[in-house]
Amino acid sequence: MVCVPVTSGFFISGQIMPDQVQAFADQGFTALINNRPDGEEPGQPSSAMIEAAATSAGLDYLHAPMQGAQISETDIARIHAVTQQASGKVLGFCRSGARSMLGWALSQSQDRPADEILTLARDAGHDLSPFREVFEARHGPAV
């Protein structure tokens with residue numbers, strides 16, 4: 001599985017499989033964030049299957065499913081907490097990585113200016129420019 005770096009501590013990827021989780025732990029990942037709802041397509045492993053593999057590998061695990069760009073404020077806060085508290089690299093995954101990119105960006109938008117988030121996303125292969133105003137509103141006025 002190809003993991004795309006967003007920052008030195010946060011990476012995104014498409015769907016991962018339970019038998020790949022130990023390899024992520026071996027590469028220094030300490031947490032997984034699953035942004036994919038269960039049952040989205042046939043053959044997709046359930047969140048419970050990936051969580052069991054993560055627990056077995058000693059990784060923290062968060063299931064914060066997103067339907068398109070829809071995500072709760074609670075899940076945004078949970079993503080922020082996982083990324084801030086992780087002792088190593090964090091991998092966010094979904095079907096393609098796009099929702100994980102957006103979930104992370106929203107979770108960082110109070111701490112980082114919109115321009116920084118948009119640049120990091122672009123460098124990771126995702127155009128989040130339609131969300132600029134959302135990021136700016138969450139960040140607050142420039143000081």
# chains A, B, ... in the order shown; residues from 1 in each chain; ligands from 1
>>> closest_atom_pairs(of="segment 16-75 of chain A", to="segment 89-99 of chain A", cutoff="8 Å", atoms="only C-alpha atoms", output="JSON lines")
{"residue": "A:Ile16", "atom": "CA", "partner": "A:Phe93", "partner_atom": "CA", "distance": 7.2}
{"residue": "A:Gly28", "atom": "CA", "partner": "A:Lys89", "partner_atom": "CA", "distance": 6.1}
{"residue": "A:Phe29", "atom": "CA", "partner": "A:Lys89", "partner_atom": "CA", "distance": 4.3}
{"residue": "A:Thr30", "atom": "CA", "partner": "A:Lys89", "partner_atom": "CA", "distance": 5.7}
{"residue": "A:Ala31", "atom": "CA", "partner": "A:Val90", "partner_atom": "CA", "distance": 4.8}
{"residue": "A:Leu32", "atom": "CA", "partner": "A:Leu91", "partner_atom": "CA", "distance": 4.9}
{"residue": "A:Ile33", "atom": "CA", "partner": "A:Gly92", "partner_atom": "CA", "distance": 4.5}
{"residue": "A:Asn34", "atom": "CA", "partner": "A:Phe93", "partner_atom": "CA", "distance": 5.3}
{"residue": "A:Asn35", "atom": "CA", "partner": "A:Cys94", "partner_atom": "CA", "distance": 5.1}
{"residue": "A:Arg36", "atom": "CA", "partner": "A:Cys94", "partner_atom": "CA", "distance": 4.7}
{"residue": "A:Met66", "atom": "CA", "partner": "A:Arg99", "partner_atom": "CA", "distance": 6.8}
{"residue": "A:Gly68", "atom": "CA", "partner": "A:Arg99", "partner_atom": "CA", "distance": 7.0}
{"residue": "A:Ala69", "atom": "CA", "partner": "A:Arg99", "partner_atom": "CA", "distance": 6.8}
>>> residues_around(residues="segment 123-131 of chain A", least_positions_apart="6", cutoff="9 Å", atoms="only C-alpha atoms", output="number ranges by chain")
A: 4-6, 11-12, 97-98, 101-102, 105, 114, 117
>>> closest_residue(among="A:Gln70, A:Val2, A:Phe10, A:Ile50", to="Ser87 of chain A", atoms="only C-alpha atoms")
A:Phe10
>>> closest_residue(among="A:Asp75, A:Glu116, A:Asp60, A:Asp111", to="Ala25 of chain A", atoms="only C-alpha atoms")
A:Asp60
>>> select_by_dssp(residues="chain A", states="helix (DSSP H, G or I)", output="PyMOL selection string")
chain A and resi 18-26+47-57+73-85+98-108+114-123+129-139
>>> select_by_dssp(residues="chain A", states="strand (DSSP E or B)", output="MDAnalysis selection string")
chainID A and resid 4:5 10:13 29:34 60:63 67 70 89:93
>>> write_last_selection(atoms="N, CA, C and O atoms", output="PDB file, in the first residue's frame")
ATOM      1  N   VAL A   4       0.994   8.270   1.344  1.00  0.00           N
ATOM      2  CA  VAL A   4       1.426   9.582   0.886  1.00  0.00           C
ATOM      3  C   VAL A   4       1.639  10.478   2.103  1.00  0.00           C
ATOM      4  O   VAL A   4       0.722  10.658   2.912  1.00  0.00           O
ATOM      5  N   PRO A   5       2.836  11.037   2.261  1.00  0.00           N
ATOM      6  CA  PRO A   5       3.064  11.925   3.400  1.00  0.00           C
ATOM      7  C   PRO A   5       2.355  13.265   3.218  1.00  0.00           C
ATOM      8  O   PRO A   5       2.393  13.857   2.141  1.00  0.00           O
ATOM      9  N   PHE A  10       1.934  12.625   9.590  1.00  0.00           N
ATOM     10  CA  PHE A  10       0.614  12.200   9.116  1.00  0.00           C
ATOM     11  C   PHE A  10       0.683  11.801   7.645  1.00  0.00           C
ATOM     12  O   PHE A  10       1.205  12.551   6.820  1.00  0.00           O
ATOM     13  N   PHE A  11       0.125  10.633   7.359  1.00  0.00           N
ATOM     14  CA  PHE A  11       0.125  10.062   6.015  1.00  0.00           C
ATOM     15  C   PHE A  11      -1.295   9.644   5.662  1.00  0.00           C
ATOM     16  O   PHE A  11      -2.107   9.371   6.547  1.00  0.00           O
ATOM     17  N   ILE A  12      -1.574   9.560   4.360  1.00  0.00           N
ATOM     18  CA  ILE A  12      -2.875   9.097   3.887  1.00  0.00           C
ATOM     19  C   ILE A  12      -2.684   7.951   2.913  1.00  0.00           C
ATOM     20  O   ILE A  12      -1.633   7.823   2.280  1.00  0.00           O
ATOM     21  N   SER A  13      -3.716   7.121   2.809  1.00  0.00           N
ATOM     22  CA  SER A  13      -3.696   6.042   1.827  1.00  0.00           C
ATOM     23  C   SER A  13      -5.118   5.624   1.518  1.00  0.00           C
ATOM     24  O   SER A  13      -6.066   6.022   2.205  1.00  0.00           O
ATOM     25  N   PHE A  29       4.457   3.520  12.349  1.00  0.00           N
ATOM     26  CA  PHE A  29       3.126   4.070  12.571  1.00  0.00           C
ATOM     27  C   PHE A  29       2.648   3.630  13.947  1.00  0.00           C
ATOM     28  O   PHE A  29       2.894   2.495  14.375  1.00  0.00           O
ATOM     29  N   THR A  30       1.994   4.538  14.657  1.00  0.00           N
ATOM     30  CA  THR A  30       1.487   4.212  15.989  1.00  0.00           C
ATOM     31  C   THR A  30      -0.030   4.357  16.079  1.00  0.00           C
ATOM     32  O   THR A  30      -0.608   4.000  17.102  1.00  0.00           O
ATOM     33  N   ALA A  31      -0.649   4.902  15.030  1.00  0.00           N
ATOM     34  CA  ALA A  31      -2.100   5.079  15.051  1.00  0.00           C
ATOM     35  C   ALA A  31      -2.661   4.997  13.634  1.00  0.00           C
ATOM     36  O   ALA A  31      -2.015   5.431  12.675  1.00  0.00           O
ATOM     37  N   LEU A  32      -3.871   4.455  13.550  1.00  0.00           N
ATOM     38  CA  LEU A  32      -4.622   4.386  12.294  1.00  0.00           C
ATOM     39  C   LEU A  32      -5.935   5.127  12.477  1.00  0.00           C
ATOM     40  O   LEU A  32      -6.589   4.989  13.517  1.00  0.00           O
ATOM     41  N   ILE A  33      -6.318   5.908  11.460  1.00  0.00           N
ATOM     42  CA  ILE A  33      -7.608   6.588  11.450  1.00  0.00           C
ATOM     43  C   ILE A  33      -8.359   6.110  10.215  1.00  0.00           C
ATOM     44  O   ILE A  33      -7.925   6.353   9.079  1.00  0.00           O
ATOM     45  N   ASN A  34      -9.464   5.426  10.431  1.00  0.00           N
ATOM     46  CA  ASN A  34     -10.280   4.885   9.352  1.00  0.00           C
ATOM     47  C   ASN A  34     -11.436   5.838   9.095  1.00  0.00           C
ATOM     48  O   ASN A  34     -12.321   5.991   9.934  1.00  0.00           O
ATOM     49  N   ASP A  60      -2.848   2.420  18.055  1.00  0.00           N
ATOM     50  CA  ASP A  60      -4.103   3.083  18.394  1.00  0.00           C
ATOM     51  C   ASP A  60      -4.972   3.077  17.148  1.00  0.00           C
ATOM     52  O   ASP A  60      -4.463   3.094  16.016  1.00  0.00           O
ATOM     53  N   TYR A  61      -6.286   3.066  17.340  1.00  0.00           N
ATOM     54  CA  TYR A  61      -7.207   2.974  16.214  1.00  0.00           C
ATOM     55  C   TYR A  61      -8.401   3.882  16.449  1.00  0.00           C
ATOM     56  O   TYR A  61      -8.962   3.909  17.549  1.00  0.00           O
ATOM     57  N   LEU A  62      -8.790   4.629  15.412  1.00  0.00           N
ATOM     58  CA  LEU A  62      -9.970   5.477  15.459  1.00  0.00           C
ATOM     59  C   LEU A  62     -10.792   5.239  14.209  1.00  0.00           C
ATOM     60  O   LEU A  62     -10.260   5.307  13.090  1.00  0.00           O
ATOM     61  N   HIS A  63     -12.069   4.970  14.392  1.00  0.00           N
ATOM     62  CA  HIS A  63     -12.999   4.888  13.266  1.00  0.00           C
ATOM     63  C   HIS A  63     -13.813   6.168  13.276  1.00  0.00           C
ATOM     64  O   HIS A  63     -14.606   6.404  14.189  1.00  0.00           O
ATOM     65  N   GLN A  67     -19.124  10.366   5.137  1.00  0.00           N
ATOM     66  CA  GLN A  67     -19.940  10.195   3.940  1.00  0.00           C
ATOM     67  C   GLN A  67     -19.648  11.409   3.069  1.00  0.00           C
ATOM     68  O   GLN A  67     -20.096  12.504   3.381  1.00  0.00           O
ATOM     69  N   GLN A  70     -18.982  14.929   4.623  1.00  0.00           N
ATOM     70  CA  GLN A  70     -19.710  15.062   5.880  1.00  0.00           C
ATOM     71  C   GLN A  70     -18.963  14.369   7.017  1.00  0.00           C
ATOM     72  O   GLN A  70     -18.682  13.179   6.933  1.00  0.00           O
ATOM     73  N   LYS A  89       4.120   7.982  13.730  1.00  0.00           N
ATOM     74  CA  LYS A  89       3.366   8.388  12.544  1.00  0.00           C
ATOM     75  C   LYS A  89       1.918   7.902  12.632  1.00  0.00           C
ATOM     76  O   LYS A  89       1.636   6.864  13.218  1.00  0.00           O
ATOM     77  N   VAL A  90       1.023   8.680  12.010  1.00  0.00           N
ATOM     78  CA  VAL A  90      -0.402   8.364  11.958  1.00  0.00           C
ATOM     79  C   VAL A  90      -0.780   8.164  10.492  1.00  0.00           C
ATOM     80  O   VAL A  90      -0.382   8.955   9.626  1.00  0.00           O
ATOM     81  N   LEU A  91      -1.556   7.110  10.223  1.00  0.00           N
ATOM     82  CA  LEU A  91      -2.059   6.844   8.877  1.00  0.00           C
ATOM     83  C   LEU A  91      -3.560   7.017   8.857  1.00  0.00           C
ATOM     84  O   LEU A  91      -4.273   6.360   9.613  1.00  0.00           O
ATOM     85  N   GLY A  92      -4.037   7.927   8.018  1.00  0.00           N
ATOM     86  CA  GLY A  92      -5.461   8.071   7.761  1.00  0.00           C
ATOM     87  C   GLY A  92      -5.774   7.376   6.447  1.00  0.00           C
ATOM     88  O   GLY A  92      -5.053   7.536   5.463  1.00  0.00           O
ATOM     89  N   PHE A  93      -6.842   6.582   6.434  1.00  0.00           N
ATOM     90  CA  PHE A  93      -7.188   5.880   5.195  1.00  0.00           C
ATOM     91  C   PHE A  93      -8.688   5.863   4.968  1.00  0.00           C
ATOM     92  O   PHE A  93      -9.490   5.987   5.896  1.00  0.00           O
TER      93      PHE A  93
END
>>> residues_around(residues="Ser109 of chain A", least_positions_apart="4", cutoff="9 Å", atoms="only C-alpha atoms", output="JSON, numbers by chain")
{"A": [104, 105, 113, 114, 117, 134, 135, 136, 137, 138, 139]}
>>> closest_residue(among="A:Pro45, A:Cys3, A:Gly103, A:Glu40", to="Asp19 of chain A", atoms="only C-alpha atoms")
A:Pro45
>>> residues_around(residues="Ala48 of chain A", least_positions_apart="4", cutoff="12 Å", atoms="only C-alpha atoms", output="list of chain:residue names")
A:Met17, A:Pro18, A:Asn34, A:Pro37, A:Asp38, A:Gly39, A:Gln44, A:Ala52, A:Ala53, A:Ala54, A:Thr55, A:Tyr61, A:Leu62, A:His63
>>> write_last_selection(atoms="N, CA and C atoms", output="mmCIF file, in the first residue's frame")
data_model
loop_
_atom_site.group_PDB
_atom_site.id
_atom_site.type_symbol
_atom_site.label_atom_id
_atom_site.label_comp_id
_atom_site.auth_asym_id
_atom_site.auth_seq_id
_atom_site.Cartn_x
_atom_site.Cartn_y
_atom_site.Cartn_z
ATOM 1 N N MET A 17 -5.722 -3.381 4.389
ATOM 2 C CA MET A 17 -6.262 -4.681 4.760
ATOM 3 C C MET A 17 -5.686 -5.081 6.124
ATOM 4 N N PRO A 18 -6.427 -5.891 6.868
ATOM 5 C CA PRO A 18 -5.943 -6.292 8.189
ATOM 6 C C PRO A 18 -4.555 -6.931 8.170
ATOM 7 N N ASN A 34 -9.464 5.426 10.431
ATOM 8 C CA ASN A 34 -10.280 4.885 9.352
ATOM 9 C C ASN A 34 -11.436 5.838 9.095
ATOM 10 N N PRO A 37 -16.811 4.413 5.938
ATOM 11 C CA PRO A 37 -17.928 3.710 6.571
ATOM 12 C C PRO A 37 -17.885 2.218 6.232
ATOM 13 N N ASP A 38 -18.314 1.397 7.161
ATOM 14 C CA ASP A 38 -18.417 -0.034 6.891
ATOM 15 C C ASP A 38 -19.438 -0.280 5.774
ATOM 16 N N GLY A 39 -19.183 -1.329 4.983
ATOM 17 C CA GLY A 39 -20.131 -1.754 3.962
ATOM 18 C C GLY A 39 -20.221 -0.863 2.747
ATOM 19 N N GLN A 44 -14.764 -5.100 1.222
ATOM 20 C CA GLN A 44 -14.085 -4.149 2.106
ATOM 21 C C GLN A 44 -14.030 -4.736 3.514
ATOM 22 N N ALA A 52 -9.077 -4.907 15.206
ATOM 23 C CA ALA A 52 -8.480 -6.089 15.852
ATOM 24 C C ALA A 52 -7.019 -6.243 15.442
ATOM 25 N N ALA A 53 -6.737 -6.031 14.157
ATOM 26 C CA ALA A 53 -5.349 -6.120 13.681
ATOM 27 C C ALA A 53 -4.501 -5.007 14.293
ATOM 28 N N ALA A 54 -5.071 -3.811 14.415
ATOM 29 C CA ALA A 54 -4.345 -2.688 15.009
ATOM 30 C C ALA A 54 -4.034 -2.977 16.476
ATOM 31 N N THR A 55 -5.005 -3.467 17.206
ATOM 32 C CA THR A 55 -4.801 -3.799 18.614
ATOM 33 C C THR A 55 -3.707 -4.852 18.751
ATOM 34 N N TYR A 61 -6.286 3.066 17.340
ATOM 35 C CA TYR A 61 -7.207 2.974 16.214
ATOM 36 C C TYR A 61 -8.401 3.882 16.449
ATOM 37 N N LEU A 62 -8.790 4.629 15.412
ATOM 38 C CA LEU A 62 -9.970 5.477 15.459
ATOM 39 C C LEU A 62 -10.792 5.239 14.209
ATOM 40 N N HIS A 63 -12.069 4.970 14.392
ATOM 41 C CA HIS A 63 -12.999 4.888 13.266
ATOM 42 C C HIS A 63 -13.813 6.168 13.276
#
